[in-house]
Amino acid sequence: MNVKRLVRVAFLAVALGFGAWVVARQWDDIRAGFALLSWPGLVLSLLAVIAALGGGMMTWRALLADLGSPLPLRPAAKVFFVGQLGKYIPGSLWPVLAQMEMGKELGVPRSRSAAAFFLTMPVQLGSGLVISGVTLLAAMPGSAAPYAWVFLLIPVLAVAFEPRVVNAVLGFGLRKLRREPLERPLTRKGMLTALGWALLGWTAYGLHLAAIVHDFGPSGLSAIVFSVGAFALSWCLGIMTFVVPAGAGVREVAMVAILAPVLSQGQAITVALCSRIVIIVGDLVCAGAAGFAARRDVGPTHDQTTGKPV
């Protein structure tokens, strides 16, 4: 077993270990919560999570392609989903480090992988705040009022989504790090494509939450629209807490508060915990499926800067 393979196995073992620890730490509450849920609801919720995670992968893939490294679907899925398991390890840099190393094996320059990773977060944050503001106001006006301060970030992020601004910031950062500049600048088309995939991902996440909430009473179109906004807003609050692995705890606390208008506190806690576990399962399913599928694509790769075999 070579060093790279050994490091990858160690990374997966540590990431899976922390994921299992999250489950074990709250097992009593999780078991009680799942006992209240129907199997059809859980299956629908998991399928929606897998679709949402796919939206996140396509967001990242669109940015990476626009920067000059278009990857086939299966190898891209492996790099993204396996790398994302690093979010369960304390520290914020494990996912990007994993994606940089796996991307390098496919000929993607490390600086380009890093740029795509760090661009994905503000794209998800900005699109999440927009969709949460619109859906919460549409489903239940006033439910977003306590979080109005969060939506003040939207104009700032709108400016940040301008490709000229993004390219200037990336260029400045690479110069400070004494790295080579990006070969291709980000374009408006690439940014809009990424935003479109991100919005689809948030919608799927909302359907995941709605499937769980449905077993506690609230149903219908209004409940679905509200669930989209509730999930997106709670996730955005978790994203802003970089020091916590995968936003653990922060997102659940925020979700309980946001769900207060439609569920009791006990029900909201159960929904938040069940949502967390379904997403962990979804992460593991996507990483496993992507890794298995990508094995069929093993073959010579080329550096996407020089075109030479790697």
# chains A, B, ... in the order shown; residues from 1 in each chain; ligands from 1
$ residues_around --residues "A:Leu237" --least-positions-apart "5" --cutoff "8 Å" --atoms "only C-alpha atoms" --output "MDAnalysis selection string"
chainID A and resid 250:251 254
$ write_last_selection --atoms "all heavy atoms" --output "PDB file, in the first residue's frame"
ATOM      1  N   VAL A 250     -25.033  23.788  16.086  1.00  0.00           N
ATOM      2  CA  VAL A 250     -25.519  25.126  15.738  1.00  0.00           C
ATOM      3  C   VAL A 250     -26.751  25.032  14.856  1.00  0.00           C
ATOM      4  O   VAL A 250     -27.763  25.705  15.088  1.00  0.00           O
ATOM      5  CB  VAL A 250     -24.414  25.935  15.017  1.00  0.00           C
ATOM      6  CG1 VAL A 250     -24.929  27.307  14.612  1.00  0.00           C
ATOM      7  CG2 VAL A 250     -23.195  26.068  15.911  1.00  0.00           C
ATOM      8  N   ARG A 251     -26.663  24.193  13.823  1.00  0.00           N
ATOM      9  CA  ARG A 251     -27.788  24.065  12.915  1.00  0.00           C
ATOM     10  C   ARG A 251     -29.023  23.514  13.628  1.00  0.00           C
ATOM     11  O   ARG A 251     -30.146  23.948  13.387  1.00  0.00           O
ATOM     12  CB  ARG A 251     -27.424  23.163  11.738  1.00  0.00           C
ATOM     13  CG  ARG A 251     -28.483  23.191  10.636  1.00  0.00           C
ATOM     14  CD  ARG A 251     -28.051  22.380   9.429  1.00  0.00           C
ATOM     15  NE  ARG A 251     -28.188  20.953   9.676  1.00  0.00           N
ATOM     16  CZ  ARG A 251     -27.313  20.034   9.319  1.00  0.00           C
ATOM     17  NH1 ARG A 251     -26.190  20.397   8.740  1.00  0.00           N
ATOM     18  NH2 ARG A 251     -27.526  18.761   9.542  1.00  0.00           N
ATOM     19  N   ALA A 254     -30.633  26.228  15.785  1.00  0.00           N
ATOM     20  CA  ALA A 254     -31.318  27.181  14.922  1.00  0.00           C
ATOM     21  C   ALA A 254     -32.591  26.577  14.353  1.00  0.00           C
ATOM     22  O   ALA A 254     -33.638  27.243  14.286  1.00  0.00           O
ATOM     23  CB  ALA A 254     -30.396  27.618  13.791  1.00  0.00           C
TER      24      ALA A 254
END
$ select_by_dssp --residues "stretch 55-121 of chain A" --states "alpha helix (DSSP H)" --output "PyMOL selection string"
chain A and resi 55-66+73-84+94-105+110-121
$ residues_around --residues "A:Gly103" --least-positions-apart "3" --cutoff "9 Å" --atoms "only C-alpha atoms" --output "MDAnalysis selection string"
chainID A and resid 75:76 79 98:100 106:110 113
$ write_last_selection --atoms "all heavy atoms" --output "PDB file, in the first residue's frame"
ATOM      1  N   PRO A  75     -15.946  10.649 -11.660  1.00  0.00           N
ATOM      2  CA  PRO A  75     -14.760  11.085 -10.907  1.00  0.00           C
ATOM      3  C   PRO A  75     -15.020  12.336 -10.071  1.00  0.00           C
ATOM      4  O   PRO A  75     -14.511  12.454  -8.952  1.00  0.00           O
ATOM      5  CB  PRO A  75     -13.729  11.358 -12.015  1.00  0.00           C
ATOM      6  CG  PRO A  75     -14.165  10.534 -13.170  1.00  0.00           C
ATOM      7  CD  PRO A  75     -15.654  10.533 -13.109  1.00  0.00           C
ATOM      8  N   ALA A  76     -15.819  13.276 -10.610  1.00  0.00           N
ATOM      9  CA  ALA A  76     -16.137  14.487  -9.845  1.00  0.00           C
ATOM     10  C   ALA A  76     -16.902  14.135  -8.578  1.00  0.00           C
ATOM     11  O   ALA A  76     -16.641  14.683  -7.501  1.00  0.00           O
ATOM     12  CB  ALA A  76     -16.957  15.449 -10.707  1.00  0.00           C
ATOM     13  N   VAL A  79     -14.477  12.693  -5.915  1.00  0.00           N
ATOM     14  CA  VAL A  79     -13.662  13.729  -5.273  1.00  0.00           C
ATOM     15  C   VAL A  79     -14.503  14.538  -4.294  1.00  0.00           C
ATOM     16  O   VAL A  79     -14.085  14.797  -3.155  1.00  0.00           O
ATOM     17  CB  VAL A  79     -13.040  14.664  -6.330  1.00  0.00           C
ATOM     18  CG1 VAL A  79     -12.355  15.855  -5.661  1.00  0.00           C
ATOM     19  CG2 VAL A  79     -12.028  13.910  -7.188  1.00  0.00           C
ATOM     20  N   ALA A  98      -8.564  17.226   1.249  1.00  0.00           N
ATOM     21  CA  ALA A  98      -8.862  15.946   0.614  1.00  0.00           C
ATOM     22  C   ALA A  98      -9.196  16.139  -0.862  1.00  0.00           C
ATOM     23  O   ALA A  98      -8.733  15.383  -1.726  1.00  0.00           O
ATOM     24  CB  ALA A  98     -10.026  15.260   1.334  1.00  0.00           C
ATOM     25  N   GLN A  99     -10.009  17.151  -1.158  1.00  0.00           N
ATOM     26  CA  GLN A  99     -10.372  17.402  -2.556  1.00  0.00           C
ATOM     27  C   GLN A  99      -9.159  17.825  -3.383  1.00  0.00           C
ATOM     28  O   GLN A  99      -9.043  17.450  -4.556  1.00  0.00           O
ATOM     29  CB  GLN A  99     -11.469  18.464  -2.622  1.00  0.00           C
ATOM     30  CG  GLN A  99     -12.818  17.973  -2.128  1.00  0.00           C
ATOM     31  CD  GLN A  99     -13.897  19.038  -2.189  1.00  0.00           C
ATOM     32  OE1 GLN A  99     -13.709  20.117  -2.757  1.00  0.00           O
ATOM     33  NE2 GLN A  99     -15.045  18.744  -1.609  1.00  0.00           N
ATOM     34  N   MET A 100      -8.269  18.591  -2.797  1.00  0.00           N
ATOM     35  CA  MET A 100      -7.068  19.011  -3.515  1.00  0.00           C
ATOM     36  C   MET A 100      -6.202  17.807  -3.894  1.00  0.00           C
ATOM     37  O   MET A 100      -5.696  17.721  -5.021  1.00  0.00           O
ATOM     38  CB  MET A 100      -6.265  19.997  -2.660  1.00  0.00           C
ATOM     39  CG  MET A 100      -6.882  21.388  -2.558  1.00  0.00           C
ATOM     40  SD  MET A 100      -6.122  22.403  -1.261  1.00  0.00           S
ATOM     41  CE  MET A 100      -4.432  22.544  -1.858  1.00  0.00           C
ATOM     42  N   LEU A 106      -6.372  13.510 -10.677  1.00  0.00           N
ATOM     43  CA  LEU A 106      -7.136  13.605 -11.922  1.00  0.00           C
ATOM     44  C   LEU A 106      -6.626  14.728 -12.810  1.00  0.00           C
ATOM     45  O   LEU A 106      -7.242  15.056 -13.824  1.00  0.00           O
ATOM     46  CB  LEU A 106      -8.617  13.825 -11.611  1.00  0.00           C
ATOM     47  CG  LEU A 106      -9.312  12.701 -10.840  1.00  0.00           C
ATOM     48  CD1 LEU A 106     -10.725  13.120 -10.446  1.00  0.00           C
ATOM     49  CD2 LEU A 106      -9.357  11.430 -11.680  1.00  0.00           C
ATOM     50  N   GLY A 107      -5.508  15.335 -12.412  1.00  0.00           N
ATOM     51  CA  GLY A 107      -4.919  16.391 -13.222  1.00  0.00           C
ATOM     52  C   GLY A 107      -5.411  17.787 -12.906  1.00  0.00           C
ATOM     53  O   GLY A 107      -5.147  18.723 -13.663  1.00  0.00           O
ATOM     54  N   VAL A 108      -6.143  17.958 -11.805  1.00  0.00           N
ATOM     55  CA  VAL A 108      -6.649  19.280 -11.430  1.00  0.00           C
ATOM     56  C   VAL A 108      -5.620  19.971 -10.544  1.00  0.00           C
ATOM     57  O   VAL A 108      -5.260  19.431  -9.487  1.00  0.00           O
ATOM     58  CB  VAL A 108      -7.984  19.171 -10.672  1.00  0.00           C
ATOM     59  CG1 VAL A 108      -8.513  20.565 -10.312  1.00  0.00           C
ATOM     60  CG2 VAL A 108      -9.012  18.414 -11.502  1.00  0.00           C
ATOM     61  N   PRO A 109      -5.120  21.146 -10.923  1.00  0.00           N
ATOM     62  CA  PRO A 109      -4.161  21.855 -10.071  1.00  0.00           C
ATOM     63  C   PRO A 109      -4.751  22.115  -8.687  1.00  0.00           C
ATOM     64  O   PRO A 109      -5.943  22.390  -8.546  1.00  0.00           O
ATOM     65  CB  PRO A 109      -3.928  23.176 -10.825  1.00  0.00           C
ATOM     66  CG  PRO A 109      -4.279  22.875 -12.237  1.00  0.00           C
ATOM     67  CD  PRO A 109      -5.389  21.879 -12.177  1.00  0.00           C
ATOM     68  N   ARG A 110      -3.909  22.017  -7.663  1.00  0.00           N
ATOM     69  CA  ARG A 110      -4.397  22.200  -6.293  1.00  0.00           C
ATOM     70  C   ARG A 110      -5.027  23.573  -6.090  1.00  0.00           C
ATOM     71  O   ARG A 110      -6.037  23.709  -5.386  1.00  0.00           O
ATOM     72  CB  ARG A 110      -3.243  22.008  -5.304  1.00  0.00           C
ATOM     73  CG  ARG A 110      -2.764  20.567  -5.181  1.00  0.00           C
ATOM     74  CD  ARG A 110      -1.752  20.434  -4.051  1.00  0.00           C
ATOM     75  NE  ARG A 110      -1.325  19.054  -3.849  1.00  0.00           N
ATOM     76  CZ  ARG A 110      -0.290  18.508  -4.454  1.00  0.00           C
ATOM     77  NH1 ARG A 110       0.435  19.230  -5.303  1.00  0.00           N
ATOM     78  NH2 ARG A 110       0.040  17.246  -4.225  1.00  0.00           N
ATOM     79  N   SER A 113      -8.589  23.494  -7.350  1.00  0.00           N
ATOM     80  CA  SER A 113      -9.473  22.760  -6.433  1.00  0.00           C
ATOM     81  C   SER A 113      -9.821  23.616  -5.226  1.00  0.00           C
ATOM     82  O   SER A 113     -10.979  23.667  -4.784  1.00  0.00           O
ATOM     83  CB  SER A 113      -8.801  21.465  -5.962  1.00  0.00           C
ATOM     84  OG  SER A 113      -8.719  20.524  -7.000  1.00  0.00           O
TER      85      SER A 113
END
$ atom_distance --atom1 "atom CA of A:Val166" --atom2 "atom CA of A:Pro95"
21.3 Å
$ closest_residue --among "A:Gly56, A:Gly291, A:Gly201, A:Pro181" --to "A:Phe231" --atoms "only C-alpha atoms"
A:Gly201
$ closest_residue --among "A:Cys236, A:Ala211, A:Gln265, A:Leu259" --to "A:Gly41" --atoms "only C-alpha atoms"
A:Ala211
$ atom_distance --atom1 "atom CA of A:Ala290" --atom2 "atom CA of A:Trp202"
21.0 Å
$ atom_distance --atom1 "atom CA of A:Val213" --atom2 "atom CA of A:Leu263"
8.5 Å
$ closest_atom_pairs --of "stretch 254-279 of chain A" --to "stretch 124-143 of chain A" --cutoff "12 Å" --atoms "only C-alpha atoms" --output "CSV"
residue,atom,partner,partner_atom,distance
A:Ala257,CA,A:Ser143,CA,10.0
A:Ile258,CA,A:Ser143,CA,7.3
A:Leu259,CA,A:Ser143,CA,9.0
A:Ala260,CA,A:Ser143,CA,9.1
A:Pro261,CA,A:Ser143,CA,7.4
A:Val262,CA,A:Met140,CA,9.9
$ write_last_selection --atoms "all heavy atoms" --output "mmCIF file, in the first residue's frame"
data_model
loop_
_atom_site.group_PDB
_atom_site.id
_atom_site.type_symbol
_atom_site.label_atom_id
_atom_site.label_comp_id
_atom_site.auth_asym_id
_atom_site.auth_seq_id
_atom_site.Cartn_x
_atom_site.Cartn_y
_atom_site.Cartn_z
ATOM 1 N N ALA A 257 -35.444 26.546 16.859
ATOM 2 C CA ALA A 257 -36.031 27.883 17.020
ATOM 3 C C ALA A 257 -36.892 28.262 15.822
ATOM 4 O O ALA A 257 -37.994 28.825 15.978
ATOM 5 C CB ALA A 257 -34.914 28.911 17.209
ATOM 6 N N ILE A 258 -36.436 27.966 14.623
ATOM 7 C CA ILE A 258 -37.181 28.350 13.416
ATOM 8 C C ILE A 258 -38.461 27.543 13.280
ATOM 9 O O ILE A 258 -39.474 28.044 12.766
ATOM 10 C CB ILE A 258 -36.281 28.165 12.174
ATOM 11 C CG1 ILE A 258 -35.075 29.104 12.259
ATOM 12 C CG2 ILE A 258 -37.050 28.454 10.883
ATOM 13 C CD1 ILE A 258 -33.977 28.789 11.263
ATOM 14 N N LEU A 259 -38.448 26.277 13.747
ATOM 15 C CA LEU A 259 -39.642 25.430 13.645
ATOM 16 C C LEU A 259 -40.672 25.709 14.742
ATOM 17 O O LEU A 259 -41.757 25.130 14.718
ATOM 18 C CB LEU A 259 -39.240 23.951 13.703
ATOM 19 C CG LEU A 259 -38.471 23.395 12.497
ATOM 20 C CD1 LEU A 259 -38.015 21.969 12.780
ATOM 21 C CD2 LEU A 259 -39.347 23.430 11.244
ATOM 22 N N ALA A 260 -40.343 26.595 15.665
ATOM 23 C CA ALA A 260 -41.237 26.871 16.804
ATOM 24 C C ALA A 260 -42.664 27.238 16.406
ATOM 25 O O ALA A 260 -43.615 26.835 17.089
ATOM 26 C CB ALA A 260 -40.630 27.973 17.678
ATOM 27 N N PRO A 261 -42.882 27.985 15.309
ATOM 28 C CA PRO A 261 -44.268 28.332 14.957
ATOM 29 C C PRO A 261 -45.141 27.151 14.545
ATOM 30 O O PRO A 261 -46.370 27.264 14.556
ATOM 31 C CB PRO A 261 -44.095 29.314 13.781
ATOM 32 C CG PRO A 261 -42.723 29.859 13.923
ATOM 33 C CD PRO A 261 -41.922 28.722 14.472
ATOM 34 N N VAL A 262 -44.535 26.014 14.171
ATOM 35 C CA VAL A 262 -45.343 24.899 13.661
ATOM 36 C C VAL A 262 -45.224 23.630 14.496
ATOM 37 O O VAL A 262 -46.037 22.717 14.348
ATOM 38 C CB VAL A 262 -44.955 24.581 12.190
ATOM 39 C CG1 VAL A 262 -45.270 25.766 11.302
ATOM 40 C CG2 VAL A 262 -43.496 24.196 12.067
#
$ residues_around --residues "A:Trp39" --least-positions-apart "6" --cutoff "12 Å" --atoms "only C-alpha atoms" --output "ChimeraX atom specification"
/A:45-46,211-212,215
$ closest_residue --among "A:Leu186, A:Ile239, A:Val150, A:Ala52" --to "A:Glu162" --atoms "only C-alpha atoms"
A:Leu186
$ closest_residue --among "A:Val96, A:Leu209, A:Val225, A:Ala116" --to "A:Asp66" --atoms "only C-alpha atoms"
A:Ala116
$ closest_residue --among "A:Leu36, A:Leu73, A:Leu119, A:Leu64" --to "A:Gln267" --atoms "only C-alpha atoms"
A:Leu36
$ decode --residues "stretch 160-185 of chain A" --atoms "N, CA and C atoms" --output "tab-separated table (two decimals), in the first residue's frame"
chain	number	residue	atom	x	y	z
A	160	ALA	N	-20.32	40.13	-4.08
A	160	ALA	CA	-19.25	39.14	-4.11
A	160	ALA	C	-19.42	38.14	-5.26
A	161	PHE	N	-20.66	37.98	-5.75
A	161	PHE	CA	-20.90	37.04	-6.84
A	161	PHE	C	-20.52	37.61	-8.20
A	162	GLU	N	-20.20	38.90	-8.27
A	162	GLU	CA	-19.75	39.48	-9.53
A	162	GLU	C	-18.39	38.87	-9.89
A	163	PRO	N	-18.29	38.22	-11.05
A	163	PRO	CA	-17.03	37.54	-11.41
A	163	PRO	C	-15.79	38.42	-11.33
A	164	ARG	N	-15.91	39.70	-11.70
A	164	ARG	CA	-14.74	40.57	-11.64
A	164	ARG	C	-14.24	40.71	-10.21
A	165	VAL	N	-15.17	40.78	-9.26
A	165	VAL	CA	-14.79	40.87	-7.84
A	165	VAL	C	-14.16	39.56	-7.39
A	166	VAL	N	-14.79	38.45	-7.76
A	166	VAL	CA	-14.28	37.13	-7.36
A	166	VAL	C	-12.88	36.92	-7.90
A	167	ASN	N	-12.68	37.23	-9.17
A	167	ASN	CA	-11.38	37.02	-9.79
A	167	ASN	C	-10.30	37.89	-9.15
A	168	ALA	N	-10.67	39.12	-8.79
A	168	ALA	CA	-9.70	40.01	-8.14
A	168	ALA	C	-9.31	39.48	-6.77
A	169	VAL	N	-10.29	38.97	-6.02
A	169	VAL	CA	-10.01	38.43	-4.68
A	169	VAL	C	-9.15	37.17	-4.78
A	170	LEU	N	-9.49	36.28	-5.73
A	170	LEU	CA	-8.70	35.07	-5.90
A	170	LEU	C	-7.27	35.40	-6.31
A	171	GLY	N	-7.13	36.36	-7.22
A	171	GLY	CA	-5.78	36.75	-7.66
A	171	GLY	C	-4.96	37.32	-6.52
A	172	PHE	N	-5.58	38.15	-5.70
A	172	PHE	CA	-4.88	38.73	-4.55
A	172	PHE	C	-4.45	37.65	-3.57
A	173	GLY	N	-5.36	36.70	-3.29
A	173	GLY	CA	-5.04	35.64	-2.35
A	173	GLY	C	-3.91	34.75	-2.85
A	174	LEU	N	-3.93	34.41	-4.14
A	174	LEU	CA	-2.88	33.57	-4.69
A	174	LEU	C	-1.53	34.28	-4.68
A	175	ARG	N	-1.55	35.59	-4.94
A	175	ARG	CA	-0.29	36.34	-4.89
A	175	ARG	C	0.29	36.36	-3.49
A	176	LYS	N	-0.59	36.54	-2.50
A	176	LYS	CA	-0.12	36.56	-1.11
A	176	LYS	C	0.44	35.20	-0.69
A	177	LEU	N	-0.12	34.14	-1.26
A	177	LEU	CA	0.35	32.79	-0.94
A	177	LEU	C	1.51	32.37	-1.83
A	178	ARG	N	1.93	33.31	-2.72
A	178	ARG	CA	3.02	33.03	-3.65
A	178	ARG	C	2.72	31.83	-4.54
A	179	ARG	N	1.45	31.78	-5.00
A	179	ARG	CA	1.03	30.73	-5.91
A	179	ARG	C	0.83	31.30	-7.30
A	180	GLU	N	0.84	30.41	-8.29
A	180	GLU	CA	0.59	30.83	-9.65
A	180	GLU	C	-0.87	31.30	-9.78
A	181	PRO	N	-1.12	32.34	-10.59
A	181	PRO	CA	-2.50	32.80	-10.79
A	181	PRO	C	-3.33	31.75	-11.53
A	182	LEU	N	-4.65	31.82	-11.37
A	182	LEU	CA	-5.53	30.91	-12.09
A	182	LEU	C	-5.43	31.15	-13.59
A	183	GLU	N	-5.41	30.05	-14.35
A	183	GLU	CA	-5.26	30.16	-15.79
A	183	GLU	C	-6.50	30.74	-16.46
A	184	ARG	N	-7.67	30.44	-15.88
A	184	ARG	CA	-8.92	30.93	-16.46
A	184	ARG	C	-9.74	31.64	-15.39
A	185	PRO	N	-10.22	32.84	-15.67
A	185	PRO	CA	-11.04	33.54	-14.69
A	185	PRO	C	-12.46	32.98	-14.65
